[in-house]
file input_29.txt (compact mmCIF, C-alpha atoms)
# COMPACT_ATOMS: atom_id res chain seq x y z
CA MET A 4 84.74 94.48 262.80
CA GLY A 5 86.74 91.33 263.53
CA LEU A 6 87.76 89.15 260.63
CA GLN A 7 88.66 85.53 261.25
CA GLN A 8 89.41 82.65 258.93
CA ASN A 9 90.88 79.20 259.38
CA SER A 10 94.62 79.02 259.93
CA SER A 11 96.79 76.41 258.25
CA GLN A 12 96.61 74.28 261.42
CA ALA A 13 92.84 73.93 261.08
CA VAL A 14 93.04 72.93 257.44
CA ARG A 15 95.81 70.36 257.40
CA TRP A 16 95.84 66.81 258.67
CA ARG A 17 98.81 64.70 259.71
CA VAL A 18 98.97 61.43 257.82
CA ALA A 19 100.64 58.58 259.67
CA GLY A 20 101.12 54.87 259.16
CA MET A 21 103.63 52.11 258.63
CA ARG A 22 104.56 53.41 255.15
CA HIS A 23 105.31 56.81 256.67
CA LEU A 24 107.74 55.34 259.19
CA MET A 25 109.48 53.22 256.55
CA MET A 26 109.98 56.19 254.23
CA LEU A 27 111.40 58.61 256.82
CA PHE A 28 114.82 56.98 256.76
CA ALA A 29 114.97 56.92 252.95
CA ALA A 30 113.95 60.57 252.78
CA ALA A 31 116.63 61.55 255.30
CA LEU A 32 119.27 59.83 253.16
CA LEU A 33 118.09 61.59 250.00
CA ILE A 34 117.84 65.02 251.60
CA THR A 35 121.40 64.81 252.93
CA SER A 36 122.60 64.22 249.35
CA LEU A 37 120.78 67.26 247.94
CA PRO A 38 122.55 70.61 247.56
CA SER A 39 122.30 72.63 250.76
CA VAL A 40 120.40 75.90 250.75
CA SER A 41 120.81 78.78 253.13
CA LEU A 42 117.55 79.50 254.92
CA ALA A 43 118.50 83.13 255.49
CA GLN A 44 116.08 85.63 254.02
CA SER A 45 117.14 86.40 250.50
CA SER A 46 117.71 89.14 248.01
CA GLY A 47 117.59 92.75 247.21
CA SER A 48 113.79 92.78 247.31
CA ASN A 49 113.60 90.42 250.28
CA GLY A 50 115.23 92.49 252.97
CA GLY A 51 118.66 93.31 251.55
CA HIS A 52 120.32 89.92 252.13
CA THR A 53 122.49 88.09 249.60
CA LEU A 54 120.39 86.66 246.80
CA LYS A 55 120.58 82.89 246.34
CA ARG A 56 118.97 81.10 243.42
CA GLY A 57 117.80 77.52 243.10
CA PRO A 58 118.15 75.25 240.06
CA SER A 59 114.97 76.87 238.63
CA GLY A 60 116.74 80.24 238.59
CA LEU A 61 114.25 81.64 241.10
CA PRO A 62 115.26 83.03 244.52
CA LEU A 63 115.57 80.80 247.57
CA PRO A 64 113.90 81.09 249.93
CA ARG A 65 110.69 82.57 248.45
CA PHE A 66 106.98 82.57 249.21
CA VAL A 67 104.29 80.94 247.07
CA SER A 68 100.78 79.63 247.80
CA LEU A 69 98.86 76.40 247.35
CA LYS A 70 96.92 76.13 244.07
CA SER A 71 94.58 73.36 245.14
CA GLY A 72 92.25 72.59 248.03
CA ARG A 73 93.84 69.15 248.47
CA VAL A 74 97.65 69.08 248.57
CA ASN A 75 99.92 66.36 249.93
CA MET A 76 103.15 67.31 251.68
CA ARG A 77 105.53 64.36 251.45
CA VAL A 78 108.62 63.39 253.44
CA GLY A 79 110.72 63.29 250.26
CA PRO A 80 110.69 64.67 246.69
CA GLY A 81 108.62 62.05 244.86
CA THR A 82 105.29 60.24 244.89
CA GLN A 83 107.01 57.15 246.30
CA TYR A 84 107.50 59.03 249.59
CA ALA A 85 104.94 58.97 252.36
CA VAL A 86 102.45 61.80 252.84
CA GLU A 87 103.04 63.56 256.15
CA TRP A 88 100.52 66.40 255.89
CA LEU A 89 97.38 66.90 253.82
CA TYR A 90 96.38 70.55 253.22
CA LEU A 91 92.72 71.24 252.52
CA LYS A 92 92.63 74.99 251.88
CA PRO A 93 93.79 76.61 248.63
CA GLY A 94 95.80 79.81 248.88
CA LEU A 95 97.78 78.97 252.02
CA PRO A 96 101.22 80.59 251.86
CA MET A 97 104.26 78.31 251.78
CA GLU A 98 107.94 79.20 251.89
CA ILE A 99 110.08 77.32 249.38
CA ILE A 100 113.45 76.55 250.97
CA GLN A 101 114.89 73.96 248.56
CA GLU A 102 114.36 72.66 245.01
CA TYR A 103 114.91 69.22 243.53
CA ASP A 104 113.70 68.42 240.01
CA ASN A 105 109.93 69.21 239.95
CA TRP A 106 109.67 69.12 243.75
CA ARG A 107 109.90 71.95 246.24
CA ARG A 108 110.80 71.62 249.90
CA VAL A 109 108.48 73.99 251.71
CA ARG A 110 107.75 75.27 255.19
CA ASP A 111 104.31 76.32 256.43
CA ALA A 112 103.41 79.05 258.91
CA GLU A 113 103.73 76.65 261.84
CA GLY A 114 107.17 75.36 260.86
CA ALA A 115 106.18 72.00 259.32
CA GLU A 116 108.50 71.10 256.42
CA GLY A 117 108.14 68.67 253.55
CA TRP A 118 108.00 68.29 249.77
CA ILE A 119 105.26 69.41 247.38
CA ASN A 120 105.20 69.03 243.60
CA GLN A 121 105.67 72.40 241.89
CA SER A 122 102.47 71.88 239.86
CA LEU A 123 100.49 72.33 243.10
CA LEU A 124 102.11 75.69 243.90
CA SER A 125 101.25 79.15 242.59
CA GLY A 126 103.17 82.41 242.42
CA ARG A 127 100.08 84.16 243.82
CA ARG A 128 101.05 85.86 247.08
CA THR A 129 98.97 85.40 250.18
CA GLY A 130 99.67 85.94 253.85
CA ILE A 131 98.48 84.88 257.28
CA ALA A 132 97.91 87.61 259.85
CA GLY A 133 100.05 87.10 262.95
CA PRO A 134 99.85 83.29 263.27
CA TRP A 135 102.18 83.58 266.29
CA PHE A 136 99.29 85.29 268.16
CA LYS A 137 96.86 82.42 267.42
CA GLY A 138 94.94 81.44 270.54
CA LYS A 139 95.66 84.74 272.28
CA LYS A 140 93.28 87.66 272.67
CA ALA A 141 94.70 89.86 269.96
CA SER A 142 93.66 91.56 266.76
CA LEU A 143 95.64 93.31 264.08
CA PRO A 144 94.36 96.60 262.64
CA LEU A 145 93.80 96.95 258.90
CA PHE A 146 94.23 100.64 258.02
CA SER A 147 92.85 102.70 255.12
CA LYS A 148 96.39 104.00 254.41
CA PRO A 149 99.91 102.78 255.28
CA SER A 150 100.01 104.69 258.56
CA GLU A 151 99.08 104.00 262.17
CA ASN A 152 97.28 107.36 262.16
CA ALA A 153 94.93 106.30 259.34
CA ARG A 154 91.34 105.15 259.79
CA ILE A 155 90.97 101.49 260.83
CA VAL A 156 89.05 99.53 258.18
CA ALA A 157 88.81 96.29 260.17
CA GLN A 158 90.38 94.31 262.99
CA VAL A 159 91.95 91.11 261.65
CA GLU A 160 92.16 88.14 263.97
CA PRO A 161 95.36 86.08 264.14
CA GLY A 162 95.36 83.23 261.63
CA ALA A 163 93.20 85.02 259.04
CA LEU A 164 94.27 84.34 255.45
CA GLY A 165 94.45 87.27 253.03
CA ASP A 166 95.57 88.13 249.51
CA VAL A 167 98.68 90.30 249.22
CA ASP A 168 98.30 93.14 246.73
CA THR A 169 101.45 95.20 247.30
CA CYS A 170 104.11 95.81 249.97
CA ASN A 171 106.39 98.81 250.42
CA GLY A 172 108.83 97.22 252.88
CA GLU A 173 106.93 98.33 255.99
CA TRP A 174 103.26 97.94 255.07
CA CYS A 175 101.30 95.53 252.90
CA ARG A 176 98.01 96.26 251.16
CA MET A 177 95.93 93.12 251.65
CA THR A 178 92.39 91.87 251.34
CA PHE A 179 90.87 89.81 254.16
CA ALA A 180 87.33 88.48 253.68
CA GLY A 181 86.43 91.29 251.25
CA HIS A 182 88.00 94.08 253.34
CA THR A 183 91.03 95.77 251.77
CA GLY A 184 93.52 97.91 253.65
CA TRP A 185 97.07 98.22 254.93
CA ILE A 186 98.61 96.02 257.61
CA ALA A 187 102.06 96.24 259.19
CA GLN A 188 104.36 94.00 257.15
CA GLU A 189 105.96 92.54 260.26
CA SER A 190 102.51 91.23 261.26
CA VAL A 191 102.18 88.99 258.18
CA TRP A 192 103.57 85.50 257.55
CA GLY A 193 103.94 85.15 253.80
CA VAL A 194 106.12 88.18 253.06
CA TYR A 195 109.62 88.99 254.26
CA GLN A 196 110.40 92.00 256.40
CA GLY A 197 111.61 94.73 254.09
CA GLU A 198 110.38 92.92 250.96
CA LYS A 199 108.83 95.16 248.31
CA LEU A 200 106.07 93.84 246.08
CA ALA A 201 104.44 95.75 243.25
CA ASN A 202 100.98 95.05 241.93

call {"tool": "encode", "arguments": {"input": "input_29.txt", "output": "structure tokens"}}
result
Amino acid sequence: MGLQQNSSQAVRWRVAGMRHLMMLFAAALLITSLPSVSLAQSSGSNGGHTLKRGPSGLPLPRFVSLKSGRVNMRVGPGTQYAVEWLYLKPGLPMEIIQEYDNWRRVRDAEGAEGWINQSLLSGRRTGIAGPWFKGKKASLPLFSKPSENARIVAQVEPGALGDVDTCNGEWCRMTFAGHTGWIAQESVWGVYQGEKLAN
């Protein structure tokens, strides 16, 4: 059984206009004055790299998801900055790479970066199955147990969005369109390789 859902590309829209162009320069000036953040994968639970913390006290980088079905990604950390992307699907995973006041600089599965207010982000963990395979003839097996020798529950198509239940560093137990099983952790965007998550 193949499971397919919309990827982040299909549920976001680029917003352009004169205001956008005028605000890009201002945003670049502000961002260069913010504290720099290493984009290396972090922490003891996130693959064994050195843990870095943002002003909130939470690890950087880290994964979160969108709370709402209508979220603006701006070119700078404030409502006075232009909207570059509009996301229309709740639950999409985002990687927080920088913090400034109540704003979070995030990156989506396709590499787009911008600023989203923290009130629009949730600690709920979700993941996208192999977005790097999108558009190719590929499917990712969802197993009944964390083993390649286990029974296949479903075939998940690249770009499908799922809820992350738990990860052991090599496998994640996830639910895609009502089907729950184990998928190779390296096949998911929304969790770090080696990251362990408990339910």

call {"tool": "closest_residue", "arguments": {"input": "input_29.txt", "among": "A:Cys175, A:Leu164, A:Val191, A:Leu95", "to": "Arg127 of chain A", "atoms": "only C-alpha atoms"}}
result
A:Leu95

call {"tool": "residues_around", "arguments": {"input": "input_29.txt", "residues": "Val194 of chain A", "least_positions_apart": "3", "cutoff": "12 Å", "atoms": "all atoms listed in the file", "output": "JSON, numbers by chain"}}
result
{"A": [44, 45, 48, 49, 50, 64, 65, 66, 67, 68, 96, 97, 98, 112, 127, 128, 129, 130, 131, 132, 133, 165, 166, 167, 168, 169, 170, 171, 172, 173, 174, 175, 176, 177, 186, 187, 188, 189, 190, 191, 197, 198, 199, 200]}

call {"tool": "atom_distance", "arguments": {"input": "input_29.txt", "atom1": "atom CA of Gly94 of chain A", "atom2": "atom CA of Lys70 of chain A"}}
result
6.2 Å

call {"tool": "atom_distance", "arguments": {"input": "input_29.txt", "atom1": "atom CA of Ser142 of chain A", "atom2": "atom CA of Leu91 of chain A"}}
result
24.8 Å

call {"tool": "residues_around", "arguments": {"input": "input_29.txt", "residues": "Gln158 of chain A", "least_positions_apart": "4", "cutoff": "12 Å", "atoms": "all atoms listed in the file", "output": "NGL selection string"}}
result
:A and (4-7 or 132 or 141-147 or 154 or 163 or 179-180 or 182-186)

call {"tool": "write_last_selection", "arguments": {"input": "input_29.txt", "atoms": "C-alpha atoms", "output": "PDB file, keeping the file's coordinate frame"}}
result
ATOM      1  CA  MET A   4      84.740  94.480 262.800  1.00  0.00           C
ATOM      2  CA  GLY A   5      86.740  91.330 263.530  1.00  0.00           C
ATOM      3  CA  LEU A   6      87.760  89.150 260.630  1.00  0.00           C
ATOM      4  CA  GLN A   7      88.660  85.530 261.250  1.00  0.00           C
ATOM      5  CA  ALA A 132      97.910  87.610 259.850  1.00  0.00           C
ATOM      6  CA  ALA A 141      94.700  89.860 269.960  1.00  0.00           C
ATOM      7  CA  SER A 142      93.660  91.560 266.760  1.00  0.00           C
ATOM      8  CA  LEU A 143      95.640  93.310 264.080  1.00  0.00           C
ATOM      9  CA  PRO A 144      94.360  96.600 262.640  1.00  0.00           C
ATOM     10  CA  LEU A 145      93.800  96.950 258.900  1.00  0.00           C
ATOM     11  CA  PHE A 146      94.230 100.640 258.020  1.00  0.00           C
ATOM     12  CA  SER A 147      92.850 102.700 255.120  1.00  0.00           C
ATOM     13  CA  ARG A 154      91.340 105.150 259.790  1.00  0.00           C
ATOM     14  CA  ALA A 163      93.200  85.020 259.040  1.00  0.00           C
ATOM     15  CA  PHE A 179      90.870  89.810 254.160  1.00  0.00           C
ATOM     16  CA  ALA A 180      87.330  88.480 253.680  1.00  0.00           C
ATOM     17  CA  HIS A 182      88.000  94.080 253.340  1.00  0.00           C
ATOM     18  CA  THR A 183      91.030  95.770 251.770  1.00  0.00           C
ATOM     19  CA  GLY A 184      93.520  97.910 253.650  1.00  0.00           C
ATOM     20  CA  TRP A 185      97.070  98.220 254.930  1.00  0.00           C
ATOM     21  CA  ILE A 186      98.610  96.020 257.610  1.00  0.00           C
TER      22      ILE A 186
END

call {"tool": "closest_residue", "arguments": {"input": "input_29.txt", "among": "A:Gly117, A:Pro161, A:Pro62, A:Pro93", "to": "Gly81 of chain A", "atoms": "all atoms listed in the file"}}
result
A:Gly117

call {"tool": "atom_distance", "arguments": {"input": "input_29.txt", "atom1": "atom CA of Phe136 of chain A", "atom2": "atom CA of Met76 of chain A"}}
result
24.7 Å

call {"tool": "closest_residue", "arguments": {"input": "input_29.txt", "among": "A:Asn105, A:Thr82, A:Ala153, A:Ile100", "to": "Ser59 of chain A", "atoms": "only C-alpha atoms"}}
result
A:Asn105

call {"tool": "closest_residue", "arguments": {"input": "input_29.txt", "among": "A:Val86, A:Val159, A:Leu123, A:Leu69", "to": "Asp111 of chain A", "atoms": "only C-alpha atoms"}}
result
A:Leu69

call {"tool": "axis_aligned_box", "arguments": {"input": "input_29.txt", "around": "segment 88-107 of chain A", "padding_each_side": "3 Å", "output": "lines of an AutoDock Vina configuration file"}}
result
center_x = 103.8
center_y = 73.5
center_z = 247.9
size_x = 28.3
size_y = 20.2
size_z = 21.9
